[in-house]
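Participant: Got final_29.cif for you, mmCIF, C-alpha atoms and all ligand atoms:
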data_upload
loop_
_atom_site.label_atom_id
_atom_site.label_comp_id
_atom_site.auth_asym_id
_atom_site.auth_seq_id
_atom_site.Cartn_x
_atom_site.Cartn_y
_atom_site.Cartn_z
CA MET A 6 114.08 36.19 98.01
CA ILE A 7 114.55 38.06 94.76
CA VAL A 8 114.99 41.82 94.88
CA THR A 9 114.86 43.40 91.43
CA GLY A 10 116.69 46.71 91.31
CA GLY A 11 118.59 45.56 94.39
CA ALA A 12 121.74 47.43 93.32
CA GLY A 13 119.80 50.68 93.32
CA PHE A 14 119.03 53.20 96.00
CA ILE A 15 115.94 51.75 97.70
CA GLY A 16 116.48 48.12 96.64
CA SER A 17 119.97 47.93 98.16
CA HIS A 18 118.63 49.07 101.55
CA ILE A 19 115.92 46.40 101.32
CA VAL A 20 118.61 43.80 100.53
CA ASP A 21 120.62 44.87 103.60
CA VAL A 22 117.65 44.41 105.94
CA LEU A 23 116.73 41.03 104.41
CA LEU A 24 120.31 39.80 104.90
CA GLU A 25 120.26 41.03 108.51
CA ARG A 26 117.13 38.93 108.97
CA GLY A 27 119.00 35.88 107.68
CA CYS A 28 117.29 35.63 104.28
CA GLU A 29 119.01 34.32 101.19
CA VAL A 30 118.85 37.11 98.62
CA THR A 31 119.28 37.22 94.85
CA VAL A 32 119.47 40.63 93.22
CA ILE A 33 118.37 41.12 89.63
CA ASP A 34 119.78 44.38 88.30
CA ASP A 35 121.24 45.47 84.98
CA LEU A 36 123.34 48.13 86.74
CA SER A 37 121.89 50.77 84.42
CA ASN A 38 121.47 53.01 87.43
CA GLY A 39 122.58 50.79 90.31
CA ARG A 40 126.07 50.18 91.61
CA ARG A 41 127.73 46.86 92.20
CA GLU A 42 129.27 48.22 95.41
CA PHE A 43 125.80 48.92 96.87
CA VAL A 44 125.10 45.16 96.87
CA ASP A 45 126.25 43.36 100.00
CA PRO A 46 128.57 40.53 98.87
CA ARG A 47 126.42 38.03 100.79
CA ALA A 48 123.69 38.51 98.17
CA ASN A 49 123.85 36.85 94.75
CA LEU A 50 123.90 39.44 92.00
CA ALA A 51 122.45 38.54 88.58
CA VAL A 52 123.38 41.35 86.19
CA ILE A 53 120.52 41.18 83.73
CA ASN A 54 117.78 43.37 82.30
CA ILE A 55 114.33 42.46 83.67
CA GLN A 56 113.11 42.45 80.05
CA ASP A 57 115.54 39.66 79.22
CA GLU A 58 114.34 36.07 78.84
CA GLY A 59 117.25 34.93 81.03
CA VAL A 60 115.34 36.18 84.08
CA ALA A 61 113.47 32.85 83.97
CA GLN A 62 116.76 31.03 84.64
CA VAL A 63 117.43 33.25 87.65
CA PHE A 64 114.03 32.23 89.06
CA ALA A 65 114.73 28.57 88.35
CA ALA A 66 118.14 28.72 90.02
CA SER A 67 117.21 30.74 93.10
CA ARG A 68 113.72 29.32 93.74
CA PRO A 69 112.56 32.41 95.66
CA GLU A 70 109.70 32.53 98.15
CA ALA A 71 109.14 36.20 97.46
CA VAL A 72 109.88 38.93 94.96
CA ILE A 73 110.35 42.58 95.85
CA HIS A 74 110.19 44.45 92.58
CA CYS A 75 112.11 47.73 92.59
CA ALA A 76 113.74 47.73 89.13
CA ALA A 77 112.15 50.35 86.94
CA GLN A 78 112.49 53.20 84.56
CA LYS A 79 111.82 55.62 87.36
CA ASP A 80 111.82 59.07 85.84
CA PRO A 81 108.47 60.67 84.85
CA ILE A 82 110.21 63.18 82.59
CA THR A 83 112.01 60.41 80.67
CA SER A 84 108.70 58.56 80.33
CA VAL A 85 107.19 61.59 78.58
CA ARG A 86 110.03 61.41 76.01
CA GLN A 87 110.17 57.59 75.77
CA PRO A 88 106.74 56.17 76.67
CA LEU A 89 107.17 52.85 74.84
CA GLU A 90 110.43 51.99 76.58
CA ASP A 91 108.87 53.03 79.90
CA CYS A 92 105.99 50.63 79.22
CA ARG A 93 108.32 47.76 78.24
CA THR A 94 110.28 48.10 81.49
CA ASN A 95 107.59 49.09 83.96
CA VAL A 96 104.57 47.21 82.63
CA LEU A 97 105.56 44.29 80.38
CA ALA A 98 108.59 43.23 82.41
CA THR A 99 106.50 43.43 85.61
CA LEU A 100 103.87 41.21 84.03
CA ASN A 101 106.60 38.79 83.02
CA LEU A 102 107.84 38.67 86.63
CA LEU A 103 104.30 37.94 87.83
CA GLU A 104 104.07 35.13 85.29
CA LEU A 105 107.37 33.72 86.55
CA CYS A 106 105.99 33.90 90.11
CA ARG A 107 102.99 31.85 89.00
CA GLU A 108 105.16 29.29 87.17
CA HIS A 109 107.60 28.92 90.07
CA GLY A 110 105.05 28.98 92.90
CA VAL A 111 106.38 32.21 94.41
CA GLY A 112 104.04 33.22 97.23
CA HIS A 113 104.74 36.92 97.82
CA PHE A 114 105.22 39.96 95.62
CA VAL A 115 105.69 43.58 96.57
CA LEU A 116 105.69 46.22 93.85
CA ALA A 117 107.53 49.50 94.35
CA SER A 118 104.95 51.93 93.04
CA THR A 119 104.58 55.67 93.27
CA GLY A 120 102.32 58.07 95.09
CA GLY A 121 103.13 61.34 93.37
CA ALA A 122 102.96 60.23 89.74
CA ILE A 123 99.85 58.04 90.12
CA TYR A 124 97.67 60.62 91.83
CA GLY A 125 98.74 63.44 89.52
CA ASN A 126 97.36 66.80 90.63
CA ALA A 127 95.12 65.21 93.28
CA PRO A 128 92.04 67.08 94.55
CA GLU A 129 92.75 65.94 98.11
CA ILE A 130 96.02 66.65 100.01
CA PRO A 131 97.27 64.61 101.84
CA THR A 132 96.01 62.10 99.27
CA PRO A 133 94.48 58.81 100.45
CA GLU A 134 94.64 55.60 98.40
CA SER A 135 90.92 55.96 97.64
CA CYS A 136 91.60 59.05 95.53
CA ARG A 137 91.02 58.32 91.85
CA PRO A 138 94.36 57.96 90.04
CA GLN A 139 94.98 60.73 87.52
CA PRO A 140 98.50 60.14 86.25
CA ILE A 141 99.85 62.90 84.04
CA SER A 142 102.95 61.00 82.85
CA PRO A 143 103.37 57.63 81.10
CA TYR A 144 105.40 56.60 84.15
CA GLY A 145 102.34 57.09 86.39
CA VAL A 146 100.12 55.22 83.93
CA GLY A 147 102.59 52.32 83.79
CA LYS A 148 102.93 52.03 87.56
CA ARG A 149 99.13 52.00 87.90
CA ALA A 150 98.90 49.30 85.24
CA ALA A 151 101.52 47.24 87.10
CA GLU A 152 99.52 47.63 90.34
CA LEU A 153 96.40 46.34 88.59
CA TYR A 154 98.27 43.32 87.20
CA LEU A 155 99.51 42.56 90.70
CA GLN A 156 95.98 42.88 92.06
CA CYS A 157 94.79 40.51 89.36
CA TYR A 158 97.44 37.92 90.27
CA ARG A 159 96.58 38.25 93.97
CA GLU A 160 92.92 37.53 93.17
CA THR A 161 93.51 34.80 90.62
CA HIS A 162 96.61 33.02 91.89
CA GLY A 163 96.53 33.73 95.63
CA LEU A 164 99.73 35.78 95.59
CA ARG A 165 100.35 37.68 98.85
CA GLY A 166 101.78 41.15 99.03
CA ALA A 167 100.87 44.61 97.84
CA ALA A 168 101.85 47.67 95.90
CA VAL A 169 103.61 50.26 98.01
CA ARG A 170 103.17 53.79 96.68
CA TYR A 171 106.27 55.66 97.71
CA ALA A 172 106.31 59.41 98.19
CA ASN A 173 109.63 61.20 97.51
CA VAL A 174 112.24 58.90 98.97
CA TYR A 175 115.63 60.26 99.99
CA GLY A 176 118.66 58.99 101.89
CA PRO A 177 122.13 57.49 101.53
CA ARG A 178 122.93 55.90 98.11
CA GLN A 179 120.48 58.07 96.23
CA LEU A 180 122.38 59.17 93.14
CA ARG A 181 122.09 62.54 91.47
CA THR A 182 121.00 60.88 88.22
CA GLY A 183 118.47 62.54 85.98
CA GLU A 184 116.84 65.59 87.41
CA SER A 185 114.37 64.14 89.86
CA ALA A 186 116.49 63.30 92.90
CA VAL A 187 116.16 66.72 94.44
CA VAL A 188 117.87 66.03 97.78
CA PRO A 189 121.23 64.80 96.39
CA ILE A 190 121.04 67.39 93.59
CA PHE A 191 120.72 70.19 96.15
CA PHE A 192 123.34 68.81 98.53
CA GLU A 193 125.91 68.11 95.82
CA ALA A 194 125.53 71.55 94.28
CA MET A 195 125.79 73.13 97.73
CA LEU A 196 128.84 71.08 98.70
CA ASN A 197 130.53 71.92 95.39
CA GLY A 198 129.52 75.58 95.63
CA VAL A 199 127.95 75.55 92.16
CA PRO A 200 124.75 77.41 91.15
CA LEU A 201 121.56 75.60 91.90
CA ARG A 202 118.37 75.54 89.85
CA ILE A 203 114.75 75.31 91.02
CA TYR A 204 112.06 74.64 88.40
CA GLY A 205 109.12 77.05 88.71
CA GLN A 206 108.77 79.29 91.77
CA GLY A 207 109.71 76.56 94.23
CA GLU A 208 106.29 76.56 95.89
CA GLN A 209 105.52 73.08 94.52
CA THR A 210 105.37 70.55 97.37
CA ARG A 211 106.57 67.02 98.00
CA ASP A 212 106.32 64.46 100.82
CA PHE A 213 109.92 63.51 101.69
CA VAL A 214 110.24 60.08 103.31
CA TYR A 215 113.51 58.58 104.54
CA VAL A 216 114.75 55.38 102.93
CA SER A 217 114.89 53.22 106.08
CA ASP A 218 111.22 54.00 106.73
CA VAL A 219 110.42 53.00 103.14
CA THR A 220 112.34 49.74 103.58
CA ASP A 221 110.33 48.90 106.71
CA ALA A 222 107.02 49.61 104.93
CA THR A 223 107.99 47.49 101.93
CA LEU A 224 108.87 44.47 104.06
CA ALA A 225 105.74 44.92 106.19
CA ALA A 226 103.66 44.53 103.01
CA LEU A 227 105.15 41.14 102.03
CA ASP A 228 102.62 38.98 103.89
CA TYR A 229 99.57 41.08 103.21
CA THR A 230 96.52 39.07 102.15
CA GLY A 231 93.67 41.51 102.72
CA PRO A 232 91.73 43.76 100.37
CA ASP A 233 92.90 47.22 99.23
CA ALA A 234 96.45 45.99 98.65
CA VAL A 235 97.82 49.41 97.85
CA PHE A 236 99.60 51.37 100.57
CA ASN A 237 100.79 54.94 100.56
CA VAL A 238 104.29 55.20 102.02
CA GLY A 239 105.14 58.75 103.00
CA THR A 240 105.04 61.06 105.99
CA GLY A 241 101.85 63.04 105.41
CA VAL A 242 103.96 66.20 105.73
CA GLU A 243 103.98 68.60 102.78
CA THR A 244 107.25 70.44 102.17
CA THR A 245 107.83 73.07 99.48
CA ILE A 246 110.98 72.88 97.38
CA ASN A 247 111.93 76.31 98.73
CA GLU A 248 111.63 74.95 102.28
CA LEU A 249 113.75 71.92 101.38
CA PHE A 250 116.32 74.29 99.91
CA ARG A 251 116.43 76.32 103.16
CA ARG A 252 116.78 73.25 105.35
CA ALA A 253 119.48 71.70 103.19
CA ALA A 254 121.35 75.02 102.95
CA ALA A 255 121.26 75.37 106.74
CA GLN A 256 122.85 71.93 107.16
CA VAL A 257 125.59 72.58 104.61
CA GLY A 258 126.13 76.22 105.59
CA TYR A 259 125.42 77.30 102.00
CA GLU A 260 124.63 80.96 101.48
CA GLY A 261 123.87 81.11 97.72
CA GLU A 262 120.45 81.81 96.19
CA PRO A 263 118.86 79.40 93.69
CA ASN A 264 118.20 80.24 90.03
CA HIS A 265 114.68 79.64 88.78
CA ALA A 266 113.94 77.81 85.51
CA PRO A 267 110.55 77.18 83.82
CA GLU A 268 108.34 74.39 85.18
CA ARG A 269 108.71 71.00 83.46
CA PRO A 270 105.90 69.06 81.71
CA GLY A 271 104.78 65.88 83.44
CA GLU A 272 105.43 67.14 86.96
CA VAL A 273 102.70 67.45 89.59
CA PHE A 274 102.45 70.67 91.60
CA ARG A 275 101.42 69.39 95.05
CA SER A 276 102.15 65.91 96.34
CA CYS A 277 101.66 64.55 99.84
CA LEU A 278 100.37 61.16 100.94
CA ASP A 279 97.85 60.21 103.59
CA CYS A 280 99.41 57.08 105.11
CA ARG A 281 96.75 56.05 107.64
CA HIS A 282 95.95 52.85 105.74
CA ALA A 283 99.52 51.55 106.24
CA LYS A 284 99.42 52.57 109.89
CA GLU A 285 96.09 50.87 110.57
CA VAL A 286 96.68 47.69 108.55
CA LEU A 287 100.47 47.14 108.51
CA GLY A 288 101.28 48.92 111.77
CA TRP A 289 103.79 51.04 109.86
CA GLU A 290 104.42 54.75 110.24
CA ALA A 291 107.36 56.89 109.10
CA GLN A 292 109.73 57.54 112.00
CA THR A 293 112.46 59.81 110.67
CA PRO A 294 112.02 63.60 110.86
CA LEU A 295 113.18 65.48 107.74
CA ASP A 296 116.12 67.25 109.40
CA GLU A 297 117.42 63.98 110.83
CA GLY A 298 117.13 62.18 107.48
CA LEU A 299 118.79 65.09 105.69
CA ALA A 300 121.67 65.01 108.18
CA GLN A 301 122.24 61.29 107.55
CA THR A 302 122.05 61.79 103.80
CA LEU A 303 124.53 64.67 103.95
CA GLU A 304 126.93 62.60 106.03
CA TRP A 305 126.84 59.82 103.42
CA LEU A 306 127.30 62.26 100.54
CA ARG A 307 130.28 63.92 102.22
CA GLU A 308 131.95 60.50 102.39
CA HIS A 309 131.03 59.45 98.85
CA LEU A 310 131.02 62.60 96.77
CA GLU A 311 133.55 61.93 94.01
CA THR A 312 133.51 64.62 91.39
CA PRO A 313 132.16 68.15 91.31
CA SER A 314 128.75 68.25 89.61
CA GLU A 315 128.63 70.03 86.26
N1 LIG A 401 113.16 57.19 94.77
C1 LIG A 401 111.91 57.59 94.87
O1 LIG A 401 111.65 58.67 95.41
C2 LIG A 401 110.78 56.75 94.37
C3 LIG A 401 109.47 57.26 94.47
C4 LIG A 401 108.41 56.49 93.99
C5 LIG A 401 108.65 55.24 93.46
N2 LIG A 401 109.93 54.78 93.36
C6 LIG A 401 110.13 53.46 92.78
O2 LIG A 401 110.99 52.72 93.62
C7 LIG A 401 111.78 51.83 92.85
C8 LIG A 401 113.25 52.00 93.18
O3 LIG A 401 113.64 53.32 92.89
P1 LIG A 401 115.07 53.90 93.27
O4 LIG A 401 114.88 55.33 93.61
O5 LIG A 401 115.74 52.99 94.23
O6 LIG A 401 115.77 53.86 91.85
P2 LIG A 401 117.21 53.31 91.41
O7 LIG A 401 117.40 53.75 90.00
O8 LIG A 401 118.24 53.70 92.39
O9 LIG A 401 117.00 51.75 91.47
C9 LIG A 401 116.44 51.05 90.41
C10 LIG A 401 117.39 49.93 90.07
O10 LIG A 401 116.80 49.19 89.01
C11 LIG A 401 117.80 48.90 88.07
N3 LIG A 401 117.13 48.79 86.78
C12 LIG A 401 116.52 49.76 86.05
N4 LIG A 401 115.99 49.26 84.93
C13 LIG A 401 116.29 47.93 84.93
C14 LIG A 401 116.03 46.88 84.05
N5 LIG A 401 115.34 47.08 82.91
N6 LIG A 401 116.46 45.65 84.37
C15 LIG A 401 117.13 45.43 85.52
N7 LIG A 401 117.42 46.38 86.40
C16 LIG A 401 117.00 47.63 86.11
C17 LIG A 401 118.78 50.06 88.12
O11 LIG A 401 120.08 49.69 87.68
C18 LIG A 401 118.75 50.41 89.59
O12 LIG A 401 119.75 49.71 90.30
C19 LIG A 401 111.44 52.12 91.38
O13 LIG A 401 110.49 51.17 90.97
C20 LIG A 401 110.81 53.49 91.43
O14 LIG A 401 109.88 53.67 90.38
C21 LIG A 401 111.00 55.50 93.80
#
What's the structure tokens form of this structure?
Facilitator:
Amino acid sequence: MIVTGGAGFIGSHIVDVLLERGCEVTVIDDLSNGRREFVDPRANLAVINIQDEGVAQVFAASRPEAVIHCAAQKDPITSVRQPLEDCRTNVLATLNLLELCREHGVGHFVLASTGGAIYGNAPEIPTPESCRPQPISPYGVGKRAAELYLQCYRETHGLRGAAVRYANVYGPRQLRTGESAVVPIFFEAMLNGVPLRIYGQGEQTRDFVYVSDVTDATLAALDYTGPDAVFNVGTGVETTINELFRRAAAQVGYEGEPNHAPERPGEVFRSCLDCRHAKEVLGWEAQTPLDEGLAQTLEWLREHLETPSE
């Protein structure tokens, strides 16, 4: 198996489960946002950019049966500032991986895609997969393009698998990089006792799904051969940022009030996924309640928090 982005937050959890199942795993990651120490030493780690031609040699050497593609430029806000680089990483490099799958007879491909950014400000909440994509950031456009390339390769070359559209994933190993990882940003600020910022009024909503649930959904999609090979992966529960703040503060025992900053371009206001398709077809459903997932995330952060933020 190849897991791109396997040194990152979600990818490293996927690697752990694959190793537990006895799979041989090669990780492709340039460590731009991942950490070497997140990769179990039983996996082979190829430190390389997915845009690099050398990725072909990694395929030739590891002869994978499947590819789980998590490496990405993953920040919608960055994609607004740098749309061409976003496209090179999230679209062209994905197409190159699909080409390598064709050349090397790889049978399965799962693409880590996105619910929030693809649906944009969706007319229907919770949003089903049938809702017309209306991305409002280059990141959302690129992920949709990658999904369509995958669909094309499934049709044309008999590749199995699917695109899994994650909601807002949180859990251990999520780093406070950029400004989009709201759970570790909140927890770290609270643990360090520093002021905390909420963009807009805080009434924007997200669907927070725990990383082990996301891992299970991703692996469940590997063998999929049917139609409609796009699966929402969330909880179907809409949580405001203010509510997340209250729940996180209760767990930390933080008594401060957040500062409010202006809303940011490229962000959707409401986001929540209808996940009945994954339940009906893959037999997958999120299992972890928000408070339980937050408690596990906080426990990990308490052990790994190194330096005060800002
Ligand atoms: N975290 C979320 O809430 C969320 C939501 C929707 C979709 N996703 C998607 O899930 C996937 C994984 O996200 P994550 O949260 O684990 O992010 P992450 O940044 O922790 O993991 C991505 C990994 O990819 C690596 N990477 C980035 N660009 C690379 C490149 N050009 N070549 C090689 N490696 C590269 C990084 O070093 C990192 O280890 C991404 O495709 C992201 O778009 C995540």
Participant: Can you pull out every residue within 12 Å of range 65-67 of chain A, counting all atoms listed in the file, but drop anything in the same chain fewer than 6 positions away, and send it as number ranges by chain?
Facilitator: A: 6-8, 29-33, 48-51, 59, 105-106, 108-111
Participant: Could you check the closest approach to Glu104 in chain A for each of A:Val52, A:Ile246, A:Cys157, A:Val146 and tell me which residue wins, using all atoms listed in the file?
Facilitator: A:Cys157
Participant: Quick check, in Å to one decimal: how far apart do CA of Trp289 in chain A and CA of Ala98 in chain A lie?
Facilitator: 28.9 Å
Participant: Return as a short mmCIF file (atom, residue, chain, number, x, y, z; two decimals) with C-alpha atoms, keeping the file's coordinate frame every polymer residue, whether protein, DNA or RNA, with at least one atom no more than 8 Å from an atom of ligand LIG 401 (chain A); count only C-alpha atoms and all ligand atoms.
Facilitator:
data_model
loop_
_atom_site.label_atom_id
_atom_site.label_comp_id
_atom_site.auth_asym_id
_atom_site.auth_seq_id
_atom_site.Cartn_x
_atom_site.Cartn_y
_atom_site.Cartn_z
CA THR A 9 114.86 43.40 91.43
CA GLY A 10 116.69 46.71 91.31
CA GLY A 11 118.59 45.56 94.39
CA ALA A 12 121.74 47.43 93.32
CA GLY A 13 119.80 50.68 93.32
CA PHE A 14 119.03 53.20 96.00
CA ILE A 15 115.94 51.75 97.70
CA GLY A 16 116.48 48.12 96.64
CA SER A 17 119.97 47.93 98.16
CA ILE A 33 118.37 41.12 89.63
CA ASP A 34 119.78 44.38 88.30
CA ASP A 35 121.24 45.47 84.98
CA LEU A 36 123.34 48.13 86.74
CA SER A 37 121.89 50.77 84.42
CA ASN A 38 121.47 53.01 87.43
CA GLY A 39 122.58 50.79 90.31
CA ARG A 40 126.07 50.18 91.61
CA VAL A 52 123.38 41.35 86.19
CA ILE A 53 120.52 41.18 83.73
CA ASN A 54 117.78 43.37 82.30
CA ILE A 55 114.33 42.46 83.67
CA GLN A 56 113.11 42.45 80.05
CA ASP A 57 115.54 39.66 79.22
CA HIS A 74 110.19 44.45 92.58
CA CYS A 75 112.11 47.73 92.59
CA ALA A 76 113.74 47.73 89.13
CA ALA A 77 112.15 50.35 86.94
CA GLN A 78 112.49 53.20 84.56
CA LYS A 79 111.82 55.62 87.36
CA ASP A 80 111.82 59.07 85.84
CA THR A 94 110.28 48.10 81.49
CA ASN A 95 107.59 49.09 83.96
CA ALA A 98 108.59 43.23 82.41
CA LEU A 116 105.69 46.22 93.85
CA ALA A 117 107.53 49.50 94.35
CA SER A 118 104.95 51.93 93.04
CA THR A 119 104.58 55.67 93.27
CA GLY A 120 102.32 58.07 95.09
CA GLY A 121 103.13 61.34 93.37
CA ALA A 122 102.96 60.23 89.74
CA LYS A 148 102.93 52.03 87.56
CA ARG A 170 103.17 53.79 96.68
CA TYR A 171 106.27 55.66 97.71
CA ALA A 172 106.31 59.41 98.19
CA ASN A 173 109.63 61.20 97.51
CA VAL A 174 112.24 58.90 98.97
CA TYR A 175 115.63 60.26 99.99
CA ARG A 178 122.93 55.90 98.11
CA GLN A 179 120.48 58.07 96.23
CA LEU A 180 122.38 59.17 93.14
CA ALA A 186 116.49 63.30 92.90
#
Participant: So which residues fall inside 12 Å of (98.3, 51.6, 109.4) if we count all atoms listed in the file? Mind giving them as a list in words?
Facilitator: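 Taken together, the residues in range are Ala222, Ala225, Ala226, Val235, Phe236, Asn237, Val238, Gly239, Asp279, Cys280, Arg281, His282, Ala283, Lys284, Glu285, Val286, Leu287, Gly288, Trp289, Glu290 and Ala291 of chain A.
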Participant: Find the distance between CA of Val199 in chain A and CA of Glu268 in chain A and write it in Å to one decimal.
Facilitator: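 These two atoms are separated by 20.8 Å.
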Participant: Edge lengths and centre in Å to one decimal, as lines of an AutoDock Vina configuration file, of the axis-aligned box that encloses all listed atoms of range 248-264 of chain A with 3 Å added on every side?
Facilitator:
center_x = 118.9
center_y = 76.8
center_z = 98.6
size_x = 20.5
size_y = 16.1
size_z = 23.1
Participant: So how many Å separate CA of Asp45 in chain A and CA of Leu224 in chain A, to one decimal?
Facilitator: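 Computing the Euclidean distance for CA of Asp45 in chain A and CA of Leu224 in chain A yields 17.9 Å.
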Participant: Go through A:Thr293, A:Gln206, A:Thr99, A:Thr245 one by one, measure the shortest atom-to-atom distance of each to Asn264 in chain A using all atoms listed in the file, and give the residue with the smallest value.
Facilitator: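 When distances to Asn264 in chain A are compared using all atoms listed in the file, the smallest one comes from A:Gln206.
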Participant: Between A:Ala168, A:Ile19, A:Leu155, A:Val63, which is the closest to Asp218 in chain A once you count only C-alpha atoms?
Facilitator: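 Between A:Ala168, A:Ile19, A:Leu155, A:Val63, the residue approaching Asp218 in chain A most closely is A:Ile19.
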Participant: Place a sphere of radius 10 Å on (101.9, 73.6, 92.3) in the file coordinates and name every protein, DNA or RNA residue with an atom inside or on its surface, counting all atoms listed in the file; give the answer as a PyMOL selection string.
Facilitator: chain A and resi 126+205-211+245+268+272-276
Participant: Using only C-alpha atoms for the distances, tell me which of A:Asp296, A:Glu70, A:Asp91, A:Asp21 is nearest to Arg251 in chain A.
Facilitator: A:Asp296
